Structure formats: structure tokens, C-alpha cells
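Working notes, beginning with the structure itself.
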Amino acid sequence: MNRTTKGLLVIGAILVLSYPAIAWVTGVAIESRMQHGEQQVLGRTPYLALVKREYHRGIYRSTETATYGFRNPALQTLSSAGGVALPTAATLTVTSNIQHGPFPGMHSMALATVDSTIVVPPALQRELAGALGSKPILQIHSTVKLFGGASADLTSPAFSLRLPDGSTLTWGGLTGTVDSARDQARWTGQLSAPRLAFQGAQGAFELAGVAYSGSHSKAFDDLYVGTGTLTIERLDGSTPRSGGQFSVDRISLVSTSSVAGEFIDMRVDTGADAAKIAAVTLKNLTYSVGFEHIHGPSLEAMARQVRAVQRQSGADPKQLQAGLQDAFRQYGGDLVQHDPVIDIRQIGFSMPEGSFVFSARLGAPGLSPADLKWPAVILALRTHAQITADLRVDDALLRKLLAMGGSNPKIAAQLASLEQQGYLTTVSTALATHLEYSGGKLTLNGHPFPSAAPVN
């Protein structure tokens, strides 16, 4: 046996003999890593709290059972207002089986692999038992990387459930992947849910072909920027009312955001190929709005204060409302003083009779702290506000909308008068106008509005 072979055998023996100690050390590290990640999630989720945790660490494997409490005061308000008994609090238990690294399960190099299952409250578990059998409602297989970050695969089984009141709930399952960097500095994710449907005496709805993909990076301590895309192939449903049918086809929602220095630009583009509500059919629905030059530190401070208020208010909706008002009052002024801009890129739709398109840009640069005090804020906004807007609606569609509203002859006469004065312009077969507001003065198509009184 040559010297090289002997050396390799010695190294291999050392690794084999020391592996239990290495696995024990990685077990300590993964426990700390999991608890740190949990604290980050709890810090960003005000209505979620850790109720109980049991952690049992072994040499090669560990187990954790963590129970979380969830509450939502908003559901209590809805229950009181609508007379419907909605659950305002619940508990979820996550059980995790952890294999320690550096070669967990002898499959790959990692700090650990974690197989987690979600256990719902006992009452709901009994309801689901007939539909799911022994399957958990959600399973998560995670790989915790040696040098930070983790990846996870999520699966939820399909089921159909008949509720005690005779209604049915159908869930087509869920699959997804999530990958995060160290300290959650970046994360990407993809989720897919083929179907969610409910059928009951008070109505029905169905979501089909739901998918999400996103990639985000941390811009500030609690704020992320990036791109997320949500698509829904179809949403439809019905209510007991006459003509209570509705449907929306091929919905998309794309959010994009970026950061430059202390400022964030955000944009949301929402669209749908078609929507039908009773006898009204709309196509090419578009809602695109951007928020530019948003002061990141002020937005983050306001978001942090809002979460603190949500934690402290408990189940008292009045305390919650008062706390939220204080948070917006405290930090809203900081946001406004950094000259944000709202850019309504397009709101539009079409009907067989024609199309409607609206866009606008709003800002109020140069506001000072003194300008934001009541009642000086009213005059300050009149002086500082800068607004531009464009509206275009086809003639036939305008007549259709007026007819749907009751065909009030006064409205038609007012529109005709505005057109005669030049405030509305006929472009081909459509009416259009361009609005500008600056320095306290408003113009429509370049004409002061309201028009100046004639001089005698």
C-alpha cells in the first residue's frame, strides 16, 4: 500500500470518526438558524405569535413542534357588521423533522434538510379527515444551505369537502418553490394552485389557474424591491340575486419596484382580457398606476409603526383605528415633503360601443412642515399641487354609459355646453379633454376653467 493510499485512508477514518461531532455542531447551528428566521417572520407579521415550541436535538436528527396563534381584528369587525360568524383567531402547529449536515441523509452537502407539515386546529382537522385521510394539508421540504440561505418545496394535496351546512369546498392543491439568500437579503418564489371553488346556498365562486412568480431583494431593513407576477386564468361566480352572475378571464397583476439612494419607485399593472357582470361585458380592462420618488426610510418607519400598532391593539378596533391614524399622521408628512408623484398611467376598458381611456399625473412639490398643519394644508395644496390628466371616450360608449345611468337630459346638455366652450374636443368619433392644474389655476384643453366672467 503506497503512501498516498494510506494518507487517504487516514483522512477518511478521521472524517468517519469525527462525523458525529460535526453532525452535533450542525444540529446546534440549524436550531439557531431556524429560530432566527422565525423571529424575522414574526417581526414582519403582527397578527402571528409563537404560542409554544418544543425542540429535541439529537446527534444526527432533531425534531421541532411549534404552535402559532393567528388573530385578525378586521374579521371581527366584518362579523359584527355583516352578522356572519367569521373565525377571528386560530392556531397552527408546524412539526419538523430535521436531518443534520454536513451530508443530511447522505444525499448532498448542506447544513440540514427539514421536512415540515402543517397541522390545522382539531375541529378543522376532523372536517378534513374524510377528504385528506392521513395527508397533511401542507408539506414543506427545505434545504438549509451551509453558508446561509435556504430553498423549499411546498405541496398541498387536492381535496373536496362537504361542509355541515351542505355547501362544498374544492381545492385543487398547491405546488411551489421558494429560495432565499442569507438573512433573507433576497428571495425568489413560484407558486401554482390550479383550482379553488365554493358552492353554497348563498352563492358560488371559482378561481382557476392561479400562479405567482417573483424575485425581490432587500432595499431597507423591512422593505423589499423587485418584481412579482400574479396570474389567474379565470374567476367566476354567482349570487342569489337576479342577474348575479360574474366572470373575469385571464387576470394579471404585475408589481415592480426599484430603489435609487433613499427613494423607491413602485408600479402596479393590473389587467384582464374580459369581465362580465350580469348583462354588462367589458374587455381589455387595464389599471396601471405608479408611485415615484417615495422616501424609503419614512415608508419603512411608517410600516414598522403600523405593525407595532397592530400588535398592541389586540382585539380593540377603535384602538387600532386610532393607532393607524397616529402612524399616518406622524410619518405621512415626511413622505409628502419628499415630493412623491402618483402616476396613473392608464385606466381603461372597452365595450362593443367603444373604449374609455384615462391617465393622470399628480404631485405637490415644495411642501414644508408648516404647510401640512390644519387648516394651512388646504391653501398649500391649492398652491403646490401640479396635476395633468387626459380623458378619451368614444361617442357611442358615452351614450351607452349615460343610458345605463338613466339618460339624464341635464348631463347630456352639460356635456354639449362643455364641448361648445372648447373644454371637450371631438377627435374622430370620440370626446377628449386635457386637464392641467398648476399654481392654483385649472385649464381644460388650454381654456381656463371655470371661464372668466365677462367684463362689462
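In the C-alpha cells, the first chain shown is A, the next is B, and so on; residue numbers restart at 1 for each chain, and ligands run from 1 in the order shown.
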
- Skipping near chain neighbours, those fewer than 5 positions away, what residues fall within 10 Å of Ala360 in chain A using only C-alpha atoms, listed as a list in words?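 Those residues are Val289, Ile342, Asp343, Ile344, Arg345, Gln346, Ile347, Ile387, Thr388, Ala389, Asp390, Leu391, His434, Leu435 and Glu436 of chain A.
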
Keeping N, CA and C atoms for every residue in the selection just given, could you write it to a file as a PDB file, in the first residue's frame?
ATOM      1  N   VAL A 289     -50.825  51.982 -12.360  1.00  0.00           N
ATOM      2  CA  VAL A 289     -50.517  53.149 -11.530  1.00  0.00           C
ATOM      3  C   VAL A 289     -49.108  53.012 -10.966  1.00  0.00           C
ATOM      4  N   ILE A 342     -47.742  60.565  -7.973  1.00  0.00           N
ATOM      5  CA  ILE A 342     -48.648  59.481  -8.345  1.00  0.00           C
ATOM      6  C   ILE A 342     -48.862  59.551  -9.851  1.00  0.00           C
ATOM      7  N   ASP A 343     -48.513  58.480 -10.525  1.00  0.00           N
ATOM      8  CA  ASP A 343     -48.626  58.436 -11.978  1.00  0.00           C
ATOM      9  C   ASP A 343     -49.655  57.370 -12.370  1.00  0.00           C
ATOM     10  N   ILE A 344     -50.865  57.819 -12.699  1.00  0.00           N
ATOM     11  CA  ILE A 344     -51.901  56.906 -13.177  1.00  0.00           C
ATOM     12  C   ILE A 344     -51.655  56.734 -14.672  1.00  0.00           C
ATOM     13  N   ARG A 345     -50.946  55.694 -15.013  1.00  0.00           N
ATOM     14  CA  ARG A 345     -50.540  55.514 -16.406  1.00  0.00           C
ATOM     15  C   ARG A 345     -51.737  55.254 -17.310  1.00  0.00           C
ATOM     16  N   GLN A 346     -52.650  54.436 -16.838  1.00  0.00           N
ATOM     17  CA  GLN A 346     -53.846  54.193 -17.658  1.00  0.00           C
ATOM     18  C   GLN A 346     -54.909  53.465 -16.851  1.00  0.00           C
ATOM     19  N   ILE A 347     -56.123  53.946 -16.973  1.00  0.00           N
ATOM     20  CA  ILE A 347     -57.313  53.229 -16.542  1.00  0.00           C
ATOM     21  C   ILE A 347     -58.187  53.121 -17.782  1.00  0.00           C
ATOM     22  N   ILE A 387     -51.085  68.917 -11.480  1.00  0.00           N
ATOM     23  CA  ILE A 387     -51.862  67.790 -11.994  1.00  0.00           C
ATOM     24  C   ILE A 387     -51.992  67.911 -13.499  1.00  0.00           C
ATOM     25  N   THR A 388     -51.786  66.828 -14.192  1.00  0.00           N
ATOM     26  CA  THR A 388     -52.127  66.739 -15.606  1.00  0.00           C
ATOM     27  C   THR A 388     -52.960  65.474 -15.788  1.00  0.00           C
ATOM     28  N   ALA A 389     -53.936  65.529 -16.695  1.00  0.00           N
ATOM     29  CA  ALA A 389     -54.796  64.372 -16.926  1.00  0.00           C
ATOM     30  C   ALA A 389     -55.322  64.400 -18.351  1.00  0.00           C
ATOM     31  N   ASP A 390     -55.549  63.217 -18.904  1.00  0.00           N
ATOM     32  CA  ASP A 390     -56.121  63.080 -20.234  1.00  0.00           C
ATOM     33  C   ASP A 390     -57.241  62.055 -20.185  1.00  0.00           C
ATOM     34  N   LEU A 391     -58.357  62.401 -20.874  1.00  0.00           N
ATOM     35  CA  LEU A 391     -59.523  61.522 -20.919  1.00  0.00           C
ATOM     36  C   LEU A 391     -59.990  61.413 -22.361  1.00  0.00           C
ATOM     37  N   HIS A 434     -57.914  67.487 -22.144  1.00  0.00           N
ATOM     38  CA  HIS A 434     -56.617  67.507 -21.469  1.00  0.00           C
ATOM     39  C   HIS A 434     -56.709  68.497 -20.321  1.00  0.00           C
ATOM     40  N   LEU A 435     -56.442  68.033 -19.126  1.00  0.00           N
ATOM     41  CA  LEU A 435     -56.553  68.858 -17.917  1.00  0.00           C
ATOM     42  C   LEU A 435     -55.176  69.196 -17.390  1.00  0.00           C
ATOM     43  N   GLU A 436     -55.012  70.445 -16.952  1.00  0.00           N
ATOM     44  CA  GLU A 436     -53.795  70.865 -16.263  1.00  0.00           C
ATOM     45  C   GLU A 436     -54.174  71.731 -15.073  1.00  0.00           C
TER      46      GLU A 436
END

- Message: To test your reading of the structure, identify every residue in range 15-148 of chain A that backbone DSSP assigns to helix (DSSP H, G or I), and report it as an MDAnalysis selection string.
- Response: chainID A and resid 15:44 73:82 104:106 122:132

Kindly export the residues of the current selection with C-alpha atoms, as an mmCIF file, in the first residue's frame.
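After the write, out09.cif holds the following:
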data_model
loop_
_atom_site.group_PDB
_atom_site.id
_atom_site.type_symbol
_atom_site.label_atom_id
_atom_site.label_comp_id
_atom_site.auth_asym_id
_atom_site.auth_seq_id
_atom_site.Cartn_x
_atom_site.Cartn_y
_atom_site.Cartn_z
ATOM 1 C CA LEU A 15 -13.837 12.027 8.901
ATOM 2 C CA VAL A 16 -15.852 8.945 9.824
ATOM 3 C CA LEU A 17 -14.842 9.119 13.483
ATOM 4 C CA SER A 18 -15.431 12.855 13.701
ATOM 5 C CA TYR A 19 -18.710 12.883 11.745
ATOM 6 C CA PRO A 20 -20.937 12.511 14.864
ATOM 7 C CA ALA A 21 -19.281 15.576 16.395
ATOM 8 C CA ILE A 22 -19.658 17.534 13.145
ATOM 9 C CA ALA A 23 -23.327 16.491 12.907
ATOM 10 C CA TRP A 24 -23.879 17.611 16.515
ATOM 11 C CA VAL A 25 -22.342 21.015 15.751
ATOM 12 C CA THR A 26 -24.504 21.457 12.657
ATOM 13 C CA GLY A 27 -27.506 20.500 14.816
ATOM 14 C CA VAL A 28 -26.724 23.378 17.154
ATOM 15 C CA ALA A 29 -26.272 25.715 14.181
ATOM 16 C CA ILE A 30 -29.530 24.730 12.486
ATOM 17 C CA GLU A 31 -31.515 25.252 15.697
ATOM 18 C CA SER A 32 -30.109 28.773 15.982
ATOM 19 C CA ARG A 33 -30.701 29.449 12.270
ATOM 20 C CA MET A 34 -34.328 28.271 12.409
ATOM 21 C CA GLN A 35 -35.124 30.361 15.470
ATOM 22 C CA HIS A 36 -33.504 33.433 13.902
ATOM 23 C CA GLY A 37 -35.579 33.006 10.739
ATOM 24 C CA GLU A 38 -38.700 32.527 12.824
ATOM 25 C CA GLN A 39 -38.070 35.776 14.687
ATOM 26 C CA GLN A 40 -37.709 37.610 11.374
ATOM 27 C CA VAL A 41 -41.066 36.274 10.183
ATOM 28 C CA LEU A 42 -42.804 37.068 13.460
ATOM 29 C CA GLY A 43 -41.363 40.581 13.393
ATOM 30 C CA ARG A 44 -42.950 41.241 9.985
ATOM 31 C CA PRO A 73 -59.378 42.101 14.381
ATOM 32 C CA ALA A 74 -60.593 43.116 10.912
ATOM 33 C CA LEU A 75 -62.547 39.844 10.679
ATOM 34 C CA GLN A 76 -64.222 40.628 13.994
ATOM 35 C CA THR A 77 -65.368 43.971 12.585
ATOM 36 C CA LEU A 78 -66.723 42.259 9.465
ATOM 37 C CA SER A 79 -68.518 39.679 11.589
ATOM 38 C CA SER A 80 -70.220 42.386 13.640
ATOM 39 C CA ALA A 81 -71.158 44.437 10.582
ATOM 40 C CA GLY A 82 -72.405 41.593 8.414
ATOM 41 C CA PRO A 104 -28.011 15.174 5.658
ATOM 42 C CA GLY A 105 -29.480 11.870 4.536
ATOM 43 C CA MET A 106 -26.207 11.300 2.659
ATOM 44 C CA PRO A 122 -58.522 19.877 15.736
ATOM 45 C CA ALA A 123 -62.039 20.921 14.666
ATOM 46 C CA LEU A 124 -60.878 21.665 11.119
ATOM 47 C CA GLN A 125 -58.699 18.562 11.073
ATOM 48 C CA ARG A 126 -61.786 16.429 11.819
ATOM 49 C CA GLU A 127 -63.638 18.091 8.943
ATOM 50 C CA LEU A 128 -60.727 17.428 6.593
ATOM 51 C CA ALA A 129 -60.070 13.873 7.717
ATOM 52 C CA GLY A 130 -62.595 12.360 5.313
ATOM 53 C CA ALA A 131 -61.158 14.288 2.369
ATOM 54 C CA LEU A 132 -57.436 14.121 3.146
#

- Query: Quick one: residues within 12 Å of range 332-339 of chain A, only C-alpha atoms counted, chain neighbours fewer than 6 positions away excluded, as a ChimeraX atom specification?
  - Reply: /A:262-264,291-303,305-306,324-326,362-373,377,380-381,384-386

- Would you please work out which residue, of A:Gly354, A:Gly440, A:Pro450, A:Pro340, is nearest to Thr383 in chain A when using only C-alpha atoms?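 Among the listed residues, the smallest separation from Thr383 in chain A belongs to A:Gly440.
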
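Here CA of Gly214 in chain A and CA of Gly226 in chain A stand 7.6 Å from one another.
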
- Please identify all polymer residues within 7 Å of Gly228 in chain A, counting only C-alpha atoms, omitting same-chain residues fewer than 3 positions from it, and present them as a ChimeraX atom specification. /A:213-215,254-256

- Query: Out of A:Trp374, A:Phe328, A:Ala185, A:Ile140, which residue has the shortest atom-to-atom distance to Asp221 in chain A when counting only C-alpha atoms?
  - Reply: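 Checking each candidate against Asp221 in chain A, we get A:Ala185 as the closest.
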
- Message: Would you pick out the contacts of range 167-176 of chain A at 7 Å or less, using only C-alpha atoms, so that residues sharing its chain but fewer than 5 positions from it are not included, and give the list as JSON, numbers by chain?
- Response: {"A": [153, 154, 155, 156, 157, 158, 159, 160, 161, 162, 190, 191, 192, 193, 194, 195, 196, 197, 198, 199, 200, 201]}

What does the file look like for those residues with N, CA and C atoms, as a PDB file, in the first residue's frame?
ATOM      1  N   ASP A 153     -39.496  23.411  -1.065  1.00  0.00           N
ATOM      2  CA  ASP A 153     -40.536  22.930  -1.969  1.00  0.00           C
ATOM      3  C   ASP A 153     -41.818  22.740  -1.163  1.00  0.00           C
ATOM      4  N   LEU A 154     -42.922  23.305  -1.660  1.00  0.00           N
ATOM      5  CA  LEU A 154     -44.191  23.257  -0.964  1.00  0.00           C
ATOM      6  C   LEU A 154     -45.178  22.417  -1.771  1.00  0.00           C
ATOM      7  N   THR A 155     -45.953  21.591  -1.087  1.00  0.00           N
ATOM      8  CA  THR A 155     -47.004  20.818  -1.738  1.00  0.00           C
ATOM      9  C   THR A 155     -48.213  20.752  -0.819  1.00  0.00           C
ATOM     10  N   SER A 156     -49.394  20.872  -1.435  1.00  0.00           N
ATOM     11  CA  SER A 156     -50.654  20.726  -0.709  1.00  0.00           C
ATOM     12  C   SER A 156     -51.544  19.822  -1.545  1.00  0.00           C
ATOM     13  N   PRO A 157     -52.150  18.800  -0.958  1.00  0.00           N
ATOM     14  CA  PRO A 157     -52.946  17.856  -1.752  1.00  0.00           C
ATOM     15  C   PRO A 157     -54.304  18.429  -2.143  1.00  0.00           C
ATOM     16  N   ALA A 158     -54.841  17.932  -3.234  1.00  0.00           N
ATOM     17  CA  ALA A 158     -56.185  18.325  -3.658  1.00  0.00           C
ATOM     18  C   ALA A 158     -57.219  17.606  -2.792  1.00  0.00           C
ATOM     19  N   PHE A 159     -58.367  18.255  -2.578  1.00  0.00           N
ATOM     20  CA  PHE A 159     -59.449  17.616  -1.833  1.00  0.00           C
ATOM     21  C   PHE A 159     -60.774  18.297  -2.168  1.00  0.00           C
ATOM     22  N   SER A 160     -61.848  17.611  -1.878  1.00  0.00           N
ATOM     23  CA  SER A 160     -63.194  18.159  -1.995  1.00  0.00           C
ATOM     24  C   SER A 160     -63.911  17.872  -0.689  1.00  0.00           C
ATOM     25  N   LEU A 161     -64.518  18.907  -0.108  1.00  0.00           N
ATOM     26  CA  LEU A 161     -65.061  18.801   1.249  1.00  0.00           C
ATOM     27  C   LEU A 161     -66.500  19.291   1.266  1.00  0.00           C
ATOM     28  N   ARG A 162     -67.368  18.498   1.869  1.00  0.00           N
ATOM     29  CA  ARG A 162     -68.748  18.907   2.069  1.00  0.00           C
ATOM     30  C   ARG A 162     -68.889  19.443   3.490  1.00  0.00           C
ATOM     31  N   GLN A 190     -42.049  30.718  -6.680  1.00  0.00           N
ATOM     32  CA  GLN A 190     -43.057  30.357  -7.667  1.00  0.00           C
ATOM     33  C   GLN A 190     -44.111  29.504  -6.968  1.00  0.00           C
ATOM     34  N   LEU A 191     -45.380  29.842  -7.206  1.00  0.00           N
ATOM     35  CA  LEU A 191     -46.489  29.090  -6.625  1.00  0.00           C
ATOM     36  C   LEU A 191     -47.526  28.830  -7.711  1.00  0.00           C
ATOM     37  N   SER A 192     -48.202  27.690  -7.607  1.00  0.00           N
ATOM     38  CA  SER A 192     -49.242  27.357  -8.572  1.00  0.00           C
ATOM     39  C   SER A 192     -50.370  26.628  -7.861  1.00  0.00           C
ATOM     40  N   ALA A 193     -51.605  27.124  -8.067  1.00  0.00           N
ATOM     41  CA  ALA A 193     -52.798  26.497  -7.494  1.00  0.00           C
ATOM     42  C   ALA A 193     -53.837  26.372  -8.600  1.00  0.00           C
ATOM     43  N   PRO A 194     -54.128  25.164  -9.066  1.00  0.00           N
ATOM     44  CA  PRO A 194     -54.990  25.020 -10.239  1.00  0.00           C
ATOM     45  C   PRO A 194     -56.448  25.385 -10.015  1.00  0.00           C
ATOM     46  N   ARG A 195     -56.980  25.210  -8.775  1.00  0.00           N
ATOM     47  CA  ARG A 195     -58.415  25.446  -8.622  1.00  0.00           C
ATOM     48  C   ARG A 195     -58.801  25.628  -7.164  1.00  0.00           C
ATOM     49  N   LEU A 196     -59.681  26.592  -6.916  1.00  0.00           N
ATOM     50  CA  LEU A 196     -60.350  26.770  -5.631  1.00  0.00           C
ATOM     51  C   LEU A 196     -61.792  27.124  -5.933  1.00  0.00           C
ATOM     52  N   ALA A 197     -62.729  26.326  -5.423  1.00  0.00           N
ATOM     53  CA  ALA A 197     -64.140  26.547  -5.729  1.00  0.00           C
ATOM     54  C   ALA A 197     -64.986  26.367  -4.476  1.00  0.00           C
ATOM     55  N   PHE A 198     -66.056  27.163  -4.389  1.00  0.00           N
ATOM     56  CA  PHE A 198     -67.017  27.069  -3.287  1.00  0.00           C
ATOM     57  C   PHE A 198     -68.423  27.119  -3.870  1.00  0.00           C
ATOM     58  N   GLN A 199     -69.287  26.239  -3.396  1.00  0.00           N
ATOM     59  CA  GLN A 199     -70.670  26.204  -3.849  1.00  0.00           C
ATOM     60  C   GLN A 199     -71.563  26.101  -2.623  1.00  0.00           C
ATOM     61  N   GLY A 200     -72.461  27.092  -2.453  1.00  0.00           N
ATOM     62  CA  GLY A 200     -73.354  27.095  -1.308  1.00  0.00           C
ATOM     63  C   GLY A 200     -74.662  27.765  -1.626  1.00  0.00           C
ATOM     64  N   ALA A 201     -75.546  27.798  -0.621  1.00  0.00           N
ATOM     65  CA  ALA A 201     -76.874  28.379  -0.816  1.00  0.00           C
ATOM     66  C   ALA A 201     -76.812  29.874  -1.078  1.00  0.00           C
TER      67      ALA A 201
END

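We find CA of Ala272 in chain A and CA of Arg250 in chain A to be spaced 5.4 Å apart.
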
- At what distance in Å, to one decimal, does CA of Arg182 in chain A lie from CA of Ser257 in chain A? 21.4 Å

- Quick one: pick out all strand (DSSP E) residues within range 47-152 of chain A from a backbone DSSP run and write them as a PyMOL selection string. chain A and resi 48-57+61-71+89-100+112-119+138-144+150-152
